[in-house]
Number of protein chains: 4
Amino acid sequence: MVGNSFGKNFRVTTFGESHGPAIGVVIDGVPPSFPLDIDAMQKEMDRRRPGESPYASGRKEPDVIEVISGLHQGKTTGTPLTIIIRNKDQRSEDYDELANIYRPGHADFTWQKKYGIRDPRGGGRSGGRETAARVAAGAVAGQMLAAKGISIVGHVFQIGFIKAEKFDAAYIEQNPLRCADHAVAPRMMAALDKAIGDGDSLGSLVEIRATGVPVGLGDPVFDKLDARLAYAMMGIGAVKGVEIGSGFRCVKMRGGEHNDSLTADGFLGNNAGGVLGGISSGQPLIIRLAVKPASSIARPQRTIDADGNPTTISIKGRHDPCIGPRLVPVAEAMMALVLADYLV
Amino acid sequence: MVGNSFGKNFRVTTFGESHGPAIGVVIDGVPPSFPLDIDAMQKEMDRRRPGESPYASGRKEPDVIEVISGLHQGKTTGTPLTIIIRNKDQRSEDYDELANIYRPGHADFTWQKKYGIRDPRGGGRSGGRETAARVAAGAVAGQMLAAKGISIVGHVFQIGFIKAEKFDAAYIEQNPLRCADHAVAPRMMAALDKAIGDGDSLGSLVEIRATGVPVGLGDPVFDKLDARLAYAMMGIGAVKGVEIGSGFRCVKMRGGEHNDSLTADGFLGNNAGGVLGGISSGQPLIIRLAVKPASSIARPQRTIDADGNPTTISIKGRHDPCIGPRLVPVAEAMMALVLADYLV
Amino acid sequence: MVGNSFGKNFRVTTFGESHGPAIGVVIDGVPPSFPLDIDAMQKEMDRRRPGESPYASGRKEPDVIEVISGLHQGKTTGTPLTIIIRNKDQRSEDYDELANIYRPGHADFTWQKKYGIRDPRGGGRSGGRETAARVAAGAVAGQMLAAKGISIVGHVFQIGFIKAEKFDAAYIEQNPLRCADHAVAPRMMAALDKAIGDGDSLGSLVEIRATGVPVGLGDPVFDKLDARLAYAMMGIGAVKGVEIGSGFRCVKMRGGEHNDSLTADGFLGNNAGGVLGGISSGQPLIIRLAVKPASSIARPQRTIDADGNPTTISIKGRHDPCIGPRLVPVAEAMMALVLADYLV
Amino acid sequence: MVGNSFGKNFRVTTFGESHGPAIGVVIDGVPPSFPLDIDAMQKEMDRRRPGESPYASGRKEPDVIEVISGLHQGKTTGTPLTIIIRNKDQRSEDYDELANIYRPGHADFTWQKKYGIRDPRGGGRSGGRETAARVAAGAVAGQMLAAKGISIVGHVFQIGFIKAEKFDAAYIEQNPLRCADHAVAPRMMAALDKAIGDGDSLGSLVEIRATGVPVGLGDPVFDKLDARLAYAMMGIGAVKGVEIGSGFRCVKMRGGEHNDSLTADGFLGNNAGGVLGGISSGQPLIIRLAVKPASSIARPQRTIDADGNPTTISIKGRHDPCIGPRLVPVAEAMMALVLADYLV
C-alpha cells in the first residue's frame, strides 16, 4: 500500500490502524513561527469524535493529540510537525466473528483480494478512525488559512429525503446532525430514528463552503482546483459523488442561465462554485458530497465468507446510522489541506 | 503554469495552444514491443473532432497524428512516445474582438488575474483543443488496456431534461449526440434545436463504463481509485460533478438497499460502481459526469472588459451547444489513462 | 521546509528535532506479512549511537525504537510503519552560548538566512541526530533486501592520509573506526589522537558495497541508478563527494583500461561500479563518499555573530573528530532505501 | 522506462531516439512573458554539436531547434514550451553489425537484460544524442537565470594526467577541448592525439561554476541543494563521480583548514563549494565531475554477443576520444535546470 500522503507543498502523511497503539500524521511544509493553538485543534478533534448522541458509533476515544515534533514553545519550527493520537478503545474482540466474513459495502472483499491479508480489527486503514489524523492536519491548515482570512464551514444539507431549507451557521454545531436548519433538523432525526428502528441507515448530502479564497489558485489543465478538490473529497470513505457550484443541477440548465454574469461589482451568481477554468475566482468555493448510507447495519444481509460460502451477517453494536454529520469535519479538513497546499 | 502532466507510471504530458503551430503529448512509461495501431488511434481522434453535424463547433481541424518518438517499425520502443497534431485552422482573427472582454463562464477572468496575460486566440490551454492531446494519449492507453481485456465505453445519458432509457452500445456512434437510446436521441436533438434557435445551450450527463477491470486497483487512503477517477474527470473543462455507482442517488437510499450483497456468484448489484474502499472490485466501473451547458452562446450576456467596464457580449460563430457528445471521447481517454497508470 | 521524504515506492518521511521530545520515521510502501526482527533493528540503531570510544560525541542517547503503527504480532501489515525514538539527552543549555554565533562549516548561517529563525539547540533538523531515523528506516529496508539475497556493507577506507590496504569484513565492527584493515586501524587512531590533541578533526573516505543486486535496476535517462545513489549519499550531511566504481580515478584512465570486458563468465572488472547506462549490471554496487572533517572543533575559529560582528568560537564538549565511522550505518541505510525503492 | 523528466517546478521531459525522426523536450513551468532569445539558444545547441575538430564524433547534425508551443511573438506564454530537433543523420546502417554484440562500457548489456529488446541504432535513449534536448532546456533556464544575475560557466579541468593551472574564461570556447588554460590546452591535445593513435580514449575532469546564486536555495534533509546537483550530474552518461567544493580533497584535510571562516565581509574560503547544510550560502557553486574515457574505441576489446558467445569488438568510425569537452554544455544545462527549479 502506498498513497498515505496528500499534497505537494503542505504535505500530509497519515499512519496508524484502528486498533494499533496509535494513529497520527506528519506534516511536511509547515511554515516556521506560526503560533499553533493546540486547544483549538483539540476542539476540532472533539467534533469528529463519536459523542453521546444516539446517532453516533459506540466507540469511545478521547482523541487527545500529542505533538511530538515541529513545535517549540508553542510555535512551529518549520520542520515536520508530527501529531500522535493514542488509541484507547482497542476492543478487537468485538471483531472476532467478522474476521472471516466479507461485510457488504465495506472494503473487506477488495482488501483481501488485493493484499492477501486483512486486519479484522475494524478495518485497519480503511475504517473511519484514520480520518482523525486528517482532522488533526486539517486543524493545523485551518488555523493558517484563518490567519489569511479564509474560513471553511460544512453542514449536512440533506438526510434521506429531508433537505435543509435555511442556512443558520450558528445552529450547525448545536445539533447532533450538523444540520444548519433548526426547523428541519428534528425531521431528519425522526427519519433517522425510524431507520435505526429498522436496523438500517440513511444516506446524506454534505456541503462545504470556503470563503475568503483569493483569486488565482489552481492550474488550467489536469491540476484544476476543482479536480484537486474532487480528488480530496472522493478520497474520503463513503463519498459516492462530488459536485461544485451548480453541480449535477447544471444538466438541466441552459448556458444563459448557468453562466455567472460579470459586473463591475463582481459576479451576479455562483453556479461556477468559485472556480472558472480550474482557477479560483475569488467567490466562495462550494462543494457538495453524496455520502452513502452507513454499510454497518443491524439488518441481516446476504454475503459470503472468505471461502466463498454464502452466509448472513448482522452488524452488532452501535454504529453511525448516517455518516454525514461526522464526515463534516473530515471534509472541512480536506478542503483546508487542498487550500493550504497553495497558500501555506 | 504547471500541472500539464497526468499519471505516475504511465505519465502523460500535454502541450500546445489552440492557435500555435501544434499541440501534442509525450507519454513516459509506455511498455516496449507493443504493436500500436495508428489507424485506430486516428479514428479515436476523428471521434473528438467537430464533424459536419449541426451540433458541433465550426472549427475544422483534420487532427492528423504524427508520432515523432518512441515507435520503431510499428512497435513501441519503451522510450517516451511523442505525438504531434499540427494546428491548421488558426483563425485567430475571429477572436480579436474578444481580446479585451471576459466571456462569462470561461477562464478569461481567472486566467487574466492569475497570469497577468491572456492568449486571446481561443482560450490557449484552457480551450477544448488541448483535449485532442488527451484523446491521443488515451488511444494509446486504450489499446494496451484492450489487450488486457478491458474496454471503455461512454455515452450521453441525458441532455437538458431528456434522459436515455435504453442502452444500445452499437447506436452510440451512429448519432451526433452519442446517445445510446435511438428512441430518445431525436427528442434530445429537438431540444437542442430549440436551444440553438434561442441562441442558447444545454447541459448534459455523460456516463463512462469500464468493463474487464481486475480486482485490486487503487489504494485505501488518499489514493482511492474513485478519488483518482474524480480527479481525472473533474480535470476536464465544463465538468461540474462526478459520481460513481449510485452517486448522488445514494443520498435517498438506505444501507440495506445500497449495500451490494455478495453471493458465491459475485455481487448482486453495483451501487458501489466497481470500487469498494477505494479498490476495484472487479465489477464494471461506472462514472457519471455533469457537463455544464456550453458557455459560448449567441444570446447577449452581461459582462465586463479588462478595465472593469460593463458591456454586453454575444459569441458569434458556430459552437457546440451541448458539450457532452464531444466530451465522451475525452472522458473515455481519462478513464483509460487512470487505468493504464495501474496496469501498463 | 519541505524535502523530508525519500523514495517513491518505499517512501520514507523523517521527522523530529535533536532536542524535541522525539524523532522518528514513517515508511509508506512496506509490503505486508514481513516478519520484522525488532532486535536486529535495535542493533543497527546501536551501531549509529555514540559509544564509549574516545572518537565519538559525548551525547548519550539510548535510541530505543518504538513501533507505533504498521506492525501486528511481529509482522508488517502493509500499512505505514511508524517508528519513534524518544530523545533523552536534551541538554539544550550546552548550546545557549552558541545561539547567536554562526559556527563555521555548520548550517547556522544558511539556515538563519533561509528561515529567519534557527533552533539553537544543536542544529535542529540539520544535525546528525536526524540520521537515526534514516538508520531505523534503512534497517527495515535492509531486512527486506536481505530476504532477497542482497547484503550491504560499509567501512571507512581512509582517514586523513591513512588508507586501508586490506578488506576484512569481520574486523569492521571490531574497531571504533570501522576500518576493515586491522593493521591500518591503529595508525588511523594515532592520526586521530593527534588531531584531537590539536583540537582539530580529520576527513575520511567511506565505501559502501551492495552485493546480490539483480540486473536491471534503474532507468537510462535522468533516473539512473547511480544518479539516485549520488542523490541519496550527497543528502547525508558532511558528504562532499560521491563516486561509483572507478570514480575520480577514471580521469587518468584510458578507455581500453576502463571498459570492463565481458566474457561468458561475466565481467572481467568492475570499473563501472555495478551500473552501466544507469542500470544495474548484477555486479556489486561500489560507492565511495568523501566525508569532510568534523566542523565542531575545539580550536578557535574566526566567525561572526548574527549581527555581523566578528568573533572567535571554540566548540566545547566531545564531538566526533572524524565523522566517517558513525556515518557508515547512515550511508548503508541510504543504499538500502535506494534499493528498496526498486525491489520492495 | 520512466524517468525522462527532471525537476518539480521547472519540469523538463525529454523524448526521442538517436535515430528516430526527432528528439525534443517539453518544459512545464516556464513563466509567462519572458522574451526568449532563440538565436542564443541555437548557439548553445551548436556548442554541444560535434564540430570539425579532430576530437569529435563524426556524426553531423545541424541540431536546429523548432519551438512548437509555449511561445507567441517571441515571448513565452506560460504554457508548456516544446522544442523539437529533427534528426538528419540517421545512418542506422553503421550500427547493423553491432546489433547483436554488447559493446563494453555501454548500456547494451543492461538495456537488453532490463527491457528484453534493444535499439541497435546508436544507443536509443542512452546515447549522447538525448543530451541535445537537455541543452535546449538548459538554454531556456539559463536565459531566465541570467536575467536574475546568475551565470554558469564550465570547462575541462583535466584530461588524463594533464591539469589546467590557470582559469581564463575567455579562452574556454576558443579551443576544442574547452580548457581554460591556453598553455595547457596544447599538451592536452597532444595526449589525446597519442590516445587516438593508439585507438584509445582518455578520461577527464569537468568543472562547473555558478555565480550570482542567492542565499537560501535547497532544503536541509534529503533535498539538499548539493544532493540535487549530484543527482543531476550523475544522471549524465559517462559521469563516474561528483564532488562539491573541496570534494575528495577534504579527506586529507583538517577541520580547522576545511571550515570556511566567516568575517563581516563574507566567507574567507569556499571549501563548502557554495552550500552549507544543503542550503546555498551565496558563494559560487563549484561542482566537479569525473568523466570516464569514451567507451567507443578502435582498439579490439573482448566481449560477448547476445547469445553469450565470446567475441572481439572494434568500434569503427570517429567518436569523441574524450567526452569532457562536449559534456561541458550538458553539465552547464543540468546546473541551470537545478537552479531554475528553485528560482523560475
# chains A, B, ... in the order shown; residues from 1 in each chain; ligands from 1
>>> residues_around(residues="region 115-119 of chain B", least_positions_apart="6", cutoff="12 Å", atoms="only C-alpha atoms", output="number ranges by chain")
A: 215-220, 279; B: 1, 17-20, 92, 95-96, 98-102, 107-109, 125-127, 306; D: 30-34, 70-73, 75-79
>>> closest_atom_pairs(of="chain A", to="chain C", cutoff="6 Å", atoms="only C-alpha atoms", output="tab-separated table")
residue	atom	partner	partner_atom	distance
A:Met1	CA	C:Gly29	CA	5.3
A:Val2	CA	C:Gly29	CA	4.8
A:Phe15	CA	C:Pro80	CA	5.4
A:Gly16	CA	C:Ser69	CA	4.7
A:Pro21	CA	C:Ile68	CA	5.6
A:Ala22	CA	C:Ile68	CA	5.9
A:Asp28	CA	C:Val2	CA	5.5
A:Gly29	CA	C:Val2	CA	4.8
A:Ile68	CA	C:Pro21	CA	5.7
A:Ser69	CA	C:Gly16	CA	4.8
A:Gly78	CA	C:Met1	CA	5.9
A:Pro80	CA	C:Phe15	CA	5.4
>>> closest_residue(among="B:Leu339, B:Ile208, B:Ala264, B:Ala147", to="Arg178 (chain B)", atoms="only C-alpha atoms")
B:Ile208
>>> residues_around(residues="Lys148 (chain A)", least_positions_apart="4", cutoff="9 Å", atoms="only C-alpha atoms", output="ChimeraX atom specification")
/A:143-144,212-213,343
>>> write_last_selection(atoms="N, CA, C and O atoms", output="CSV table (one decimal), in the first residue's frame")
chain,number,residue,atom,x,y,z
A,143,GLN,N,-6.0,26.7,10.8
A,143,GLN,CA,-5.6,27.9,11.6
A,143,GLN,C,-4.7,28.8,10.7
A,143,GLN,O,-4.8,30.1,10.8
A,144,MET,N,-3.9,28.2,9.9
A,144,MET,CA,-3.1,29.0,9.0
A,144,MET,C,-3.9,29.8,7.9
A,144,MET,O,-3.6,30.9,7.6
A,212,GLY,N,-13.4,33.7,1.4
A,212,GLY,CA,-12.2,34.5,1.6
A,212,GLY,C,-11.0,33.9,0.7
A,212,GLY,O,-9.9,34.3,0.9
A,213,VAL,N,-11.4,33.0,-0.1
A,213,VAL,CA,-10.4,32.4,-1.0
A,213,VAL,C,-9.9,33.4,-2.1
A,213,VAL,O,-10.7,33.9,-2.8
A,343,LEU,N,-1.4,27.8,-0.4
A,343,LEU,CA,-1.2,29.1,0.3
A,343,LEU,C,-0.3,29.1,1.4
A,343,LEU,O,0.2,30.2,1.8
